[in-house]
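Next comes model_15.cif, a file with mmCIF, C-alpha atoms.
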```
data_target
#
loop_
_atom_site.label_atom_id
_atom_site.label_comp_id
_atom_site.auth_asym_id
_atom_site.auth_seq_id
_atom_site.Cartn_x
_atom_site.Cartn_y
_atom_site.Cartn_z
CA MET V 1 60.60 41.98 1.83
CA ASP V 2 58.26 43.06 4.61
CA ALA V 3 55.03 41.04 4.45
CA ALA V 4 53.21 43.83 6.31
CA ARG V 5 53.77 46.30 3.47
CA LYS V 6 50.77 46.70 1.17
CA MET V 7 52.65 47.03 -2.11
CA ALA V 8 55.47 45.02 -3.64
CA ILE V 9 57.34 46.92 -6.37
CA ASN V 10 58.97 44.47 -8.78
CA VAL V 11 61.64 45.53 -11.27
CA VAL V 12 63.29 43.36 -13.93
CA THR V 13 66.77 44.46 -15.01
CA TRP V 14 69.07 43.67 -17.89
CA ASN V 15 72.11 45.96 -17.97
CA SER V 16 69.97 48.66 -16.34
CA GLN V 17 72.31 50.06 -13.68
CA ASP V 18 72.34 53.62 -15.06
CA PHE V 19 68.56 53.87 -15.15
CA LEU V 20 68.16 52.25 -11.74
CA ARG V 21 69.85 55.19 -10.04
CA GLY V 22 67.04 57.53 -11.03
CA PHE V 23 64.32 54.99 -10.31
CA LEU V 24 65.57 54.13 -6.84
CA SER V 25 66.11 57.79 -5.97
CA SER V 26 62.50 58.52 -6.86
CA ALA V 27 61.32 55.48 -4.87
CA ALA V 28 63.26 56.67 -1.81
CA ALA V 29 61.57 60.09 -2.13
CA GLN V 30 58.04 58.66 -1.86
CA ASP V 31 55.80 60.18 0.82
CA SER V 32 54.59 56.67 1.68
CA ASN V 33 56.82 53.82 2.82
CA ASP V 34 54.09 51.18 2.55
CA PHE V 35 55.99 49.24 -0.11
CA SER V 36 58.92 46.88 -0.56
CA LEU V 37 61.29 46.56 -3.51
CA ALA V 38 62.49 43.47 -5.35
CA VAL V 39 64.74 43.29 -8.40
CA VAL V 40 65.06 40.28 -10.69
CA ASP V 41 68.20 40.56 -12.78
CA ASN V 42 68.34 38.76 -16.13
CA ALA V 43 72.08 38.05 -16.33
CA SER V 44 73.30 41.66 -16.56
CA THR V 45 76.93 42.20 -17.46
CA ASP V 46 77.13 45.85 -16.35
CA GLY V 47 77.58 45.18 -12.64
CA THR V 48 73.92 45.77 -11.74
CA VAL V 49 73.75 43.02 -9.12
CA ASN V 50 77.01 43.93 -7.36
CA TRP V 51 76.02 47.60 -7.35
CA LEU V 52 72.61 46.81 -5.85
CA ARG V 53 74.08 44.61 -3.13
CA ALA V 54 76.66 47.25 -2.23
CA GLU V 55 74.50 50.37 -2.46
CA HIS V 56 71.03 49.02 -1.66
CA PRO V 57 71.30 45.98 0.62
CA GLU V 58 67.70 46.56 1.75
CA ILE V 59 66.40 45.50 -1.69
CA THR V 60 65.65 41.84 -2.39
CA VAL V 61 67.66 40.75 -5.44
CA LEU V 62 67.07 37.57 -7.44
CA ARG V 63 69.73 36.79 -10.01
CA ASN V 64 69.15 34.72 -13.13
CA PHE V 65 72.27 33.32 -14.76
CA ARG V 66 70.79 33.71 -18.23
CA ASN V 67 68.24 36.10 -19.69
CA LEU V 68 64.87 34.44 -19.06
CA GLY V 69 62.88 37.34 -20.52
CA PHE V 70 60.54 39.95 -19.09
CA ALA V 71 57.62 37.58 -18.56
CA ARG V 72 59.47 34.82 -16.70
CA ALA V 73 61.43 37.24 -14.51
CA HIS V 74 58.32 39.15 -13.45
CA ASN V 75 56.56 35.87 -12.73
CA GLN V 76 59.41 35.02 -10.38
CA ALA V 77 58.98 38.33 -8.57
CA ILE V 78 55.18 37.92 -8.38
CA GLU V 79 55.56 34.44 -6.86
CA LEU V 80 58.00 35.84 -4.32
CA ALA V 81 55.57 38.59 -3.30
CA LEU V 82 52.65 36.18 -3.00
CA SER V 83 54.71 33.76 -0.92
CA ARG V 84 55.54 36.56 1.51
CA TRP V 85 51.82 37.32 1.83
CA ALA V 86 50.77 33.74 2.56
CA GLY V 87 47.75 33.88 4.85
CA GLU V 88 47.16 37.59 4.14
CA ASN V 89 44.08 39.05 2.48
CA LEU V 90 45.28 39.40 -1.13
CA GLN V 91 42.42 41.78 -1.87
CA GLU V 92 44.35 44.33 0.20
CA ARG V 93 47.79 43.64 -1.27
CA PHE V 94 49.16 45.15 -4.48
CA ILE V 95 51.98 44.40 -6.93
CA MET V 96 53.59 47.06 -9.12
CA VAL V 97 55.29 45.84 -12.28
CA ALA V 98 57.85 48.52 -13.09
CA ASN V 99 60.53 49.15 -15.67
CA PRO V 100 63.91 50.27 -14.32
CA ASP V 101 63.83 53.34 -16.62
CA LEU V 102 61.13 55.15 -14.64
CA GLU V 103 61.07 58.07 -12.25
CA LEU V 104 58.11 58.39 -9.88
CA ALA V 105 56.51 61.59 -8.60
CA PRO V 106 56.84 61.70 -4.77
CA ASN V 107 53.15 60.92 -4.17
CA THR V 108 52.72 58.15 -6.75
CA ILE V 109 52.60 55.16 -4.40
CA ARG V 110 50.35 56.87 -1.87
CA LEU V 111 47.81 57.95 -4.50
CA ILE V 112 47.62 54.54 -6.18
CA LEU V 113 47.26 52.72 -2.87
CA ALA V 114 44.54 55.11 -1.73
CA PHE V 115 42.62 54.79 -5.00
CA MET V 116 42.74 51.00 -5.16
CA SER V 117 41.92 50.65 -1.46
CA ALA V 118 38.89 52.92 -1.81
CA TYR V 119 37.52 51.21 -4.93
CA PRO V 120 37.49 47.40 -4.72
CA GLU V 121 36.34 47.14 -8.36
CA VAL V 122 39.76 48.48 -9.44
CA ASP V 123 41.82 45.35 -10.08
CA ILE V 124 44.48 46.97 -12.28
CA CYS V 125 45.63 50.57 -12.08
CA GLY V 126 48.14 52.67 -13.97
CA PRO V 127 49.48 56.21 -13.54
CA LYS V 128 49.84 59.01 -16.03
CA LEU V 129 53.01 58.09 -17.94
CA LEU V 130 55.00 61.00 -19.35
CA ARG V 131 58.31 60.89 -21.22
CA ILE V 132 61.71 61.71 -19.84
CA PHE V 133 64.61 62.64 -22.10
CA LEU V 134 68.38 62.82 -21.84
CA LYS V 135 69.88 66.24 -22.49
CA PRO V 136 72.25 66.26 -24.26
CA ASP V 137 72.16 62.93 -26.12
CA ALA V 138 74.66 61.07 -23.95
CA SER V 139 74.79 58.51 -21.17
CA LEU V 140 73.04 59.06 -17.87
CA ASP V 141 76.42 59.50 -16.18
CA GLU V 142 77.19 62.51 -18.38
CA CYS V 143 73.93 64.41 -18.59
CA GLU V 144 70.72 65.35 -16.90
CA ALA V 145 67.46 63.46 -17.34
CA VAL V 146 64.79 66.04 -18.19
CA ARG V 147 61.17 65.31 -17.29
CA SER V 148 58.74 66.46 -19.98
CA ASN V 149 54.99 66.96 -20.34
CA ILE V 150 54.88 64.75 -23.46
CA ILE V 151 52.56 61.81 -22.97
CA ASP V 152 53.98 58.31 -23.04
CA SER V 153 50.81 56.41 -22.15
CA MET V 154 47.41 57.10 -20.63
CA GLY V 155 46.38 53.47 -20.88
CA LEU V 156 46.14 50.97 -23.73
CA VAL V 157 43.68 51.23 -26.63
CA ILE V 158 42.81 48.38 -29.00
CA ASN V 159 41.17 49.13 -32.34
CA ARG V 160 39.12 47.02 -34.72
CA ALA V 161 42.21 46.23 -36.80
CA ARG V 162 43.65 44.71 -33.57
CA ARG V 163 46.38 47.33 -33.26
CA VAL V 164 47.14 48.08 -29.61
CA VAL V 165 48.57 51.53 -28.90
CA ASP V 166 49.27 53.81 -25.97
CA ARG V 167 46.46 56.33 -25.53
CA GLY V 168 47.67 59.89 -26.09
CA ALA V 169 51.27 58.91 -26.88
CA GLY V 170 53.29 61.82 -28.27
CA GLU V 171 50.72 64.46 -27.35
CA GLU V 172 51.48 67.37 -25.06
CA ASP V 173 49.77 66.90 -21.70
CA ARG V 174 47.31 69.80 -21.51
CA GLY V 175 44.97 68.11 -19.04
CA GLN V 176 42.95 66.36 -21.75
CA TYR V 177 43.25 63.04 -19.88
CA ASN V 178 42.84 64.36 -16.34
CA GLU V 179 39.78 62.25 -15.52
CA ALA V 180 40.19 58.80 -14.00
CA ALA V 181 38.75 56.31 -16.48
CA GLN V 182 38.27 52.64 -17.15
CA VAL V 183 40.59 51.46 -19.92
CA PHE V 184 41.31 48.31 -21.88
CA GLY V 185 44.67 47.88 -20.13
CA LEU V 186 47.79 49.62 -18.85
CA SER V 187 51.33 49.77 -20.19
CA GLY V 188 53.62 47.14 -18.71
CA ALA V 189 56.19 49.89 -18.11
CA CYS V 190 54.30 50.73 -14.91
CA VAL V 191 51.13 48.98 -13.81
CA VAL V 192 49.74 47.97 -10.42
CA PHE V 193 47.73 44.79 -9.91
CA ARG V 194 45.57 43.81 -6.98
CA ALA V 195 47.29 40.62 -5.80
CA SER V 196 44.00 38.71 -5.69
CA ALA V 197 43.34 39.67 -9.35
CA LEU V 198 46.74 38.38 -10.45
CA ALA V 199 46.16 35.12 -8.60
CA HIS V 200 42.78 34.78 -10.33
CA ALA V 201 44.21 35.59 -13.79
CA LYS V 202 46.90 32.91 -13.63
CA LEU V 203 46.72 30.80 -16.80
CA SER V 204 48.55 27.52 -17.35
CA GLY V 205 50.48 28.22 -14.15
CA GLU V 206 51.71 31.65 -15.33
CA TYR V 207 50.76 35.31 -14.81
CA PHE V 208 52.60 36.80 -17.79
CA ASP V 209 52.79 34.26 -20.62
CA GLU V 210 56.40 33.04 -20.58
CA ASP V 211 56.16 31.86 -24.20
CA PHE V 212 56.07 35.55 -25.16
CA PHE V 213 59.49 36.11 -23.51
CA ALA V 214 59.20 39.88 -24.03
CA TYR V 215 57.04 42.37 -25.96
CA LYS V 216 53.21 42.46 -25.87
CA GLU V 217 53.02 40.22 -22.80
CA ASP V 218 51.38 43.19 -21.02
CA VAL V 219 48.69 43.37 -23.74
CA ASP V 220 48.10 39.63 -23.46
CA LEU V 221 47.56 39.87 -19.71
CA ALA V 222 45.36 42.98 -20.09
CA TRP V 223 43.14 41.20 -22.63
CA ARG V 224 42.90 38.09 -20.46
CA MET V 225 41.93 40.14 -17.41
CA GLN V 226 39.22 41.92 -19.41
CA ARG V 227 37.75 38.57 -20.42
CA LEU V 228 37.83 37.47 -16.79
CA GLY V 229 35.83 40.56 -15.81
CA LEU V 230 38.65 42.34 -13.94
CA GLY V 231 38.55 46.14 -14.05
CA ALA V 232 41.47 48.25 -15.33
CA TYR V 233 41.57 51.96 -14.50
CA TYR V 234 43.82 54.89 -15.37
CA LEU V 235 44.67 57.28 -12.51
CA PRO V 236 45.91 60.67 -13.81
CA SER V 237 46.70 62.13 -10.38
CA ALA V 238 49.63 59.68 -10.06
CA THR V 239 52.51 60.62 -12.38
CA VAL V 240 55.48 58.59 -13.60
CA TRP V 241 58.12 59.53 -16.20
CA HIS V 242 59.41 56.90 -18.63
CA HIS V 243 62.49 56.74 -20.87
CA ARG V 244 60.81 55.45 -24.01
CA HIS V 245 63.06 53.35 -26.28
CA VAL V 246 60.48 52.47 -28.95
CA PRO V 247 58.09 55.45 -29.38
CA ALA V 248 54.45 54.64 -29.92
CA ALA V 249 52.46 56.20 -32.74
CA PRO V 250 48.75 55.72 -31.93
CA THR V 251 47.45 58.08 -34.62
CA ALA V 252 49.78 56.85 -37.35
CA GLY V 253 48.28 55.44 -40.51
CA TRP V 254 49.06 51.93 -41.65
CA PHE V 255 51.91 53.02 -43.94
CA ARG V 256 53.56 55.09 -41.21
CA ALA V 257 53.12 52.26 -38.73
CA TRP V 258 54.81 49.90 -41.20
CA ARG V 259 57.64 52.40 -41.74
CA ASN V 260 58.14 52.77 -37.97
CA ARG V 261 58.22 49.00 -37.68
CA ARG V 262 60.98 48.81 -40.29
CA GLN V 263 63.09 51.08 -38.06
CA LYS V 264 62.87 48.73 -35.08
CA SER V 265 65.48 46.12 -34.32
CA PRO V 266 65.15 42.66 -35.92
CA ARG V 267 64.73 41.15 -32.45
CA ILE V 268 61.73 43.38 -31.65
CA ASN V 269 60.19 42.76 -35.08
CA TYR V 270 60.52 39.01 -34.51
CA TRP V 271 58.81 39.17 -31.09
CA SER V 272 56.18 41.59 -32.38
CA SER V 273 55.16 39.38 -35.32
CA ARG V 274 55.12 36.18 -33.30
CA ASN V 275 53.43 37.57 -30.21
CA HIS V 276 50.77 39.50 -32.14
CA ALA V 277 49.61 36.28 -33.77
CA TRP V 278 49.55 34.55 -30.40
CA LEU V 279 47.55 37.43 -28.89
CA LEU V 280 44.73 36.90 -31.36
CA ILE V 281 44.75 33.12 -31.10
CA LYS V 282 44.66 33.15 -27.30
CA ASN V 283 42.29 36.00 -26.57
CA ASP V 284 40.05 36.93 -29.50
CA GLU V 285 36.70 35.38 -30.37
CA TRP V 286 35.96 34.02 -33.84
CA LEU V 287 32.65 35.93 -34.04
CA ASN V 288 34.36 39.20 -33.13
CA LEU V 289 37.08 38.58 -35.70
CA LEU V 290 34.37 37.99 -38.33
CA TRP V 291 32.49 41.11 -37.20
CA HIS V 292 35.62 43.26 -37.55
CA SER V 293 37.09 41.56 -40.63
CA PRO V 294 36.74 44.72 -42.81
CA TRP V 295 39.30 46.37 -40.54
CA TRP V 296 41.75 43.68 -39.43
CA LEU V 297 41.86 41.60 -42.64
CA PRO V 298 43.33 44.36 -44.89
CA TYR V 299 45.72 45.35 -42.10
CA GLU V 300 46.98 41.79 -41.61
CA THR V 301 47.23 41.28 -45.38
CA LEU V 302 49.46 44.34 -45.71
CA LYS V 303 51.58 43.15 -42.80
CA LEU V 304 52.03 39.73 -44.39
CA ALA V 305 53.02 41.35 -47.69
CA ALA V 306 55.56 43.51 -45.85
CA CYS V 307 57.06 40.37 -44.34
CA LEU V 308 58.48 39.54 -47.75
CA PHE V 309 60.97 42.36 -47.14
CA SER V 310 61.80 41.44 -43.53
CA TRP V 311 63.57 38.25 -42.57
CA SER V 312 62.90 38.86 -38.87
CA ASP V 313 59.14 39.19 -39.51
CA LEU V 314 59.13 35.98 -41.52
CA LYS V 315 60.91 34.15 -38.72
CA GLY V 316 58.40 35.57 -36.24
CA HIS V 317 55.45 34.23 -38.23
CA ALA V 318 57.13 30.83 -38.57
CA ALA V 319 57.66 30.73 -34.80
CA ALA V 320 54.01 31.69 -34.28
CA LEU V 321 52.93 28.69 -36.37
CA ARG V 322 55.14 26.34 -34.38
CA GLY V 323 53.62 27.60 -31.15
CA LEU V 324 49.98 27.19 -32.21
CA PRO V 325 49.35 23.95 -30.26
CA ARG V 326 50.39 25.66 -27.00
CA MET V 327 48.33 28.75 -27.79
CA PHE V 328 45.19 26.76 -28.62
CA LYS V 329 45.55 24.90 -25.33
CA LYS V 330 45.74 28.19 -23.44
CA ARG V 331 42.85 29.57 -25.50
CA SER V 332 40.69 26.65 -24.45
CA GLU V 333 41.55 27.13 -20.78
CA LEU V 334 40.75 30.84 -20.91
CA ALA V 335 37.50 30.32 -22.86
CA GLY V 336 36.30 27.97 -20.13
CA ARG V 337 36.81 30.66 -17.48
CA ALA V 338 35.87 33.82 -19.40
CA LYS V 339 33.03 35.94 -18.01
CA VAL V 340 33.03 38.64 -20.71
CA LYS V 341 32.26 37.46 -24.23
CA GLY V 342 30.91 38.53 -27.62
CA ALA V 343 29.30 41.94 -27.84
CA ALA V 344 30.44 42.91 -24.35
CA MET V 345 34.05 42.45 -25.44
CA ARG V 346 33.48 44.42 -28.67
CA GLN V 347 32.98 47.65 -26.70
CA TRP V 348 36.78 47.85 -26.29
CA PHE V 349 37.54 47.81 -30.03
CA VAL V 350 37.52 51.41 -31.24
#
```
Kindly transcribe the structure held in the file into structure tokens.
Amino acid sequence: MDAARKMAINVVTWNSQDFLRGFLSSAAAQDSNDFSLAVVDNASTDGTVNWLRAEHPEITVLRNFRNLGFARAHNQAIELALSRWAGENLQERFIMVANPDLELAPNTIRLILAFMSAYPEVDICGPKLLRIFLKPDASLDECEAVRSNIIDSMGLVINRARRVVDRGAGEEDRGQYNEAAQVFGLSGACVVFRASALAHAKLSGEYFDEDFFAYKEDVDLAWRMQRLGLGAYYLPSATVWHHRHVPAAPTAGWFRAWRNRRQKSPRINYWSSRNHAWLLIKNDEWLNLLWHSPWWLPYETLKLAACLFSWSDLKGHAAALRGLPRMFKKRSELAGRAKVKGAAMRQWFV
């Protein structure tokens, strides 16, 4: 990894070799080379590491011998980037957290670097995320990946019921989100952090909360950064395509959201239930919860009732209870550092 490069692109893989081909091809086609690449592999069994070392020896590869989860693996990559920039001005260094199932437009890196360099108040930045599909429905080795104009995410939105969704997900991109805007947060599929902001947001020695393992750790970090007064912005001129495995439904009613949840894997339902509870314990304020109780209380009551029909949800809630002492400790640490509180935080709940 070249310490002189302004951006470190970090990718976490788990049996992701097929997707990596498209991602790395799009990275090689960038019209800026002011970035380095690092991959942290979480014990893949599909030959990802051997393929990377043979085909892309220029990429830094860290190999974990068991799956440590999204949060821990990205923390490893962040620490590596920061160590390479020791003595550098971290205000002028940037870290992209990227999924392996992305394809970048050729100007993506250049546009994000230019935007964040020009506006020092931009601590977190995300591109326009559109969806990419396989046609026909087969493996990447057998078919073409087709880039669409269907929106995957234009930033994260949190509502008064404490549901966090991807803005615009599922809509056709007709230019309705073509203005750069401040947002609550950005999808962890592709988000760029100012290195100094990540260093400031470190909580209990971690950037992403490693207790979360995977799922909603991006929302947790986004919420924390909001409370610390760090600015998140959406940049529509930069475009990235994403293979979405679990489609978002931001306009879905509560019943449809519950039905979609029932279609997810037990593992994701477990993480979702556990991590959602931890999100509120760590980041929310009691006064704001009271203020918005007409919205979140019925929603949470319905979710708890639905748990009676889902063993994975029940296990997730039980795990959340066991983790409460750790979450309250982190809550206390964050509350002591928070700059944005009360009514100022309520502006983000729509």
> Expanded to explicit residues, what is the PyMOL selection byres ((chain V and resi 220-231) around 6) for this file, as a PyMOL selection string?
Replying inline: chain V and resi 122-123+185+217-219+232+279+338-340
Once the PyMOL selection byres ((chain V and resi 198-203) around 8) has been evaluated on this model, what residues remain selected, and can you format them as a list in words?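 Checking the PyMOL selection byres ((chain V and resi 198-203) around 8) against this file, the residues are Phe193, Arg194, Ala195, Ser196, Ala197, Ser204, Gly205, Glu206, Tyr207, Asp209, Arg224, Met225, Leu228, Lys330, Glu333 and Leu334 of chain V.
What separates CA of Val40 in chain V from CA of Ser187 in chain V is a distance of 19.2 Å.
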Computed gap from CA of Tyr234 in chain V to CA of Ile95 in chain V is 15.7 Å
Distance in Å - CA of Glu172 in chain V versus CA of Ile109 in chain V |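 For CA of Glu172 in chain V relative to CA of Ile109 in chain V, the distance reads 24.0 Å.
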Q) Hey, which of V:Trp241, V:Asn64, V:Ile281, V:Ile124 ends up closest to Thr108 in chain V? Count only C-alpha atoms. A)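 Ranking V:Trp241, V:Asn64, V:Ile281, V:Ile124 by distance to Thr108 in chain V, first place goes to V:Trp241.
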Q. Could you list as a ChimeraX atom specification every residue that has an atom within 8 Å of (65.7, 58.1, -20.2), using the file's coordinates and counting all atoms listed in the file?
A. /V:19,101-102,131-134,140,145,242-244
Expected residue set, 12 Å radius at (75.3, 42.6, -9.8), all atoms listed in the file, as an mmCIF file with C-alpha atoms, in the frame of the given file:
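Result went into out_21.cif, see below:
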```
data_model
loop_
_atom_site.group_PDB
_atom_site.id
_atom_site.type_symbol
_atom_site.label_atom_id
_atom_site.label_comp_id
_atom_site.auth_asym_id
_atom_site.auth_seq_id
_atom_site.Cartn_x
_atom_site.Cartn_y
_atom_site.Cartn_z
ATOM 1 C CA THR V 13 66.770 44.460 -15.010
ATOM 2 C CA TRP V 14 69.070 43.670 -17.890
ATOM 3 C CA ASN V 15 72.110 45.960 -17.970
ATOM 4 C CA SER V 16 69.970 48.660 -16.340
ATOM 5 C CA GLN V 17 72.310 50.060 -13.680
ATOM 6 C CA VAL V 39 64.740 43.290 -8.400
ATOM 7 C CA VAL V 40 65.060 40.280 -10.690
ATOM 8 C CA ASP V 41 68.200 40.560 -12.780
ATOM 9 C CA ASN V 42 68.340 38.760 -16.130
ATOM 10 C CA ALA V 43 72.080 38.050 -16.330
ATOM 11 C CA SER V 44 73.300 41.660 -16.560
ATOM 12 C CA THR V 45 76.930 42.200 -17.460
ATOM 13 C CA ASP V 46 77.130 45.850 -16.350
ATOM 14 C CA GLY V 47 77.580 45.180 -12.640
ATOM 15 C CA THR V 48 73.920 45.770 -11.740
ATOM 16 C CA VAL V 49 73.750 43.020 -9.120
ATOM 17 C CA ASN V 50 77.010 43.930 -7.360
ATOM 18 C CA TRP V 51 76.020 47.600 -7.350
ATOM 19 C CA LEU V 52 72.610 46.810 -5.850
ATOM 20 C CA ARG V 53 74.080 44.610 -3.130
ATOM 21 C CA ALA V 54 76.660 47.250 -2.230
ATOM 22 C CA GLU V 55 74.500 50.370 -2.460
ATOM 23 C CA HIS V 56 71.030 49.020 -1.660
ATOM 24 C CA PRO V 57 71.300 45.980 0.620
ATOM 25 C CA VAL V 61 67.660 40.750 -5.440
ATOM 26 C CA LEU V 62 67.070 37.570 -7.440
ATOM 27 C CA ARG V 63 69.730 36.790 -10.010
ATOM 28 C CA ASN V 64 69.150 34.720 -13.130
ATOM 29 C CA PHE V 65 72.270 33.320 -14.760
#
```
Check what the PyMOL selection byres ((chain V and resi 106) around 12) selects in the file above and give those residues as a list of chain:residue names. V:Phe23, V:Leu24, V:Ser25, V:Ser26, V:Ala27, V:Ala28, V:Ala29, V:Gln30, V:Asp31, V:Ser32, V:Asn33, V:Glu103, V:Leu104, V:Ala105, V:Asn107, V:Thr108, V:Ile109, V:Arg110, V:Leu111, V:Ile112, V:Ser237, V:Ala238, V:Thr239, V:Val240, V:Trp241
| field | Residue contacts of range 312-319 of chain V (9 Å, all atoms listed in the file) excluding same-chain residues fewer than 3 positions away, as a ChimeraX atom specification | value | /V:265-275,277,304,306-309,322-324
Give me, as a PyMOL selection string, all polymer residues having an atom no more than 9 Å from Asp173 in chain V, counting only C-alpha atoms and skipping those fewer than 4 positions away in the same chain.
chain V and resi 130+149-151+168+177
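Distance annotation: of V:Ser310, V:Lys6, V:Tyr299, V:Gly69, the residue with the minimal separation from Tyr215 in chain V is V:Gly69; atom set is all atoms listed in the file.
Distances here use only C-alpha atoms; by that measure, the residue among V:Thr301, V:Trp278, V:Ala71, V:Arg84 closest to Leu321 in chain V is V:Trp278.
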Residue with the minimum atom-to-atom distance to Phe212 in chain V, picked from V:Arg72, V:Arg337, V:Arg346, V:His292 with all atoms listed in the file counted, is V:Arg72
Long-range neighbours of Cys190 in chain V as a PyMOL selection string, 8 Å cut-off, all atoms listed in the file, 6 positions minimum in chain:
chain V and resi 96-99+126-127
Once 5 Å is added on each side, what are the centre and the three edge lengths, in Å to one decimal, of the axis-aligned box enclosing the listed atoms of range 233-246 of chain V? Present them as JSON.
```
{"center_x": 52.3, "center_y": 57.0, "center_z": -19.5, "size_x": 31.5, "size_y": 20.2, "size_z": 28.9}
```
Where atoms are lacking, range 172-188 of chain V completed to N, CA and C atoms, as an mmCIF file, in the frame of the given file:
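Below is the file rebuild_5.cif, written as the result:
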```cif
data_model
loop_
_atom_site.group_PDB
_atom_site.id
_atom_site.type_symbol
_atom_site.label_atom_id
_atom_site.label_comp_id
_atom_site.auth_asym_id
_atom_site.auth_seq_id
_atom_site.Cartn_x
_atom_site.Cartn_y
_atom_site.Cartn_z
ATOM 1 N N GLU V 172 51.143 66.552 -26.211
ATOM 2 C CA GLU V 172 51.480 67.370 -25.060
ATOM 3 C C GLU V 172 50.371 67.220 -24.024
ATOM 4 N N ASP V 173 50.752 67.034 -22.771
ATOM 5 C CA ASP V 173 49.770 66.900 -21.700
ATOM 6 C C ASP V 173 49.212 68.278 -21.349
ATOM 7 N N ARG V 174 47.978 68.528 -21.795
ATOM 8 C CA ARG V 174 47.310 69.800 -21.510
ATOM 9 C C ARG V 174 46.117 69.584 -20.583
ATOM 10 N N GLY V 175 46.083 68.423 -19.921
ATOM 11 C CA GLY V 175 44.970 68.110 -19.040
ATOM 12 C C GLY V 175 43.829 67.399 -19.720
ATOM 13 N N GLN V 176 44.031 66.995 -21.001
ATOM 14 C CA GLN V 176 42.950 66.360 -21.750
ATOM 15 C C GLN V 176 42.623 64.949 -21.244
ATOM 16 N N TYR V 177 43.511 64.372 -20.438
ATOM 17 C CA TYR V 177 43.250 63.040 -19.880
ATOM 18 C C TYR V 177 43.245 63.091 -18.340
ATOM 19 N N ASN V 178 42.753 64.167 -17.784
ATOM 20 C CA ASN V 178 42.840 64.360 -16.340
ATOM 21 C C ASN V 178 41.658 63.786 -15.564
ATOM 22 N N GLU V 179 40.866 62.943 -16.203
ATOM 23 C CA GLU V 179 39.780 62.250 -15.520
ATOM 24 C C GLU V 179 40.133 60.772 -15.394
ATOM 25 N N ALA V 180 39.997 60.234 -14.175
ATOM 26 C CA ALA V 180 40.190 58.800 -14.000
ATOM 27 C C ALA V 180 39.184 58.057 -14.876
ATOM 28 N N ALA V 181 39.622 56.987 -15.519
ATOM 29 C CA ALA V 181 38.750 56.310 -16.480
ATOM 30 C C ALA V 181 39.071 54.827 -16.532
ATOM 31 N N GLN V 182 38.054 54.058 -16.889
ATOM 32 C CA GLN V 182 38.270 52.640 -17.150
ATOM 33 C C GLN V 182 38.878 52.499 -18.531
ATOM 34 N N VAL V 183 39.870 51.635 -18.667
ATOM 35 C CA VAL V 183 40.590 51.460 -19.920
ATOM 36 C C VAL V 183 40.715 49.976 -20.239
ATOM 37 N N PHE V 184 41.116 49.696 -21.471
ATOM 38 C CA PHE V 184 41.310 48.310 -21.880
ATOM 39 C C PHE V 184 42.446 47.651 -21.087
ATOM 40 N N GLY V 185 43.521 48.405 -20.873
ATOM 41 C CA GLY V 185 44.670 47.880 -20.130
ATOM 42 C C GLY V 185 45.647 49.003 -19.861
ATOM 43 N N LEU V 186 46.753 48.658 -19.199
ATOM 44 C CA LEU V 186 47.790 49.620 -18.850
ATOM 45 C C LEU V 186 49.137 49.149 -19.377
ATOM 46 N N SER V 187 49.991 50.093 -19.703
ATOM 47 C CA SER V 187 51.330 49.770 -20.190
ATOM 48 C C SER V 187 52.106 48.966 -19.140
ATOM 49 N N GLY V 188 52.798 47.943 -19.608
ATOM 50 C CA GLY V 188 53.620 47.140 -18.710
ATOM 51 C C GLY V 188 54.828 47.874 -18.174
#
```
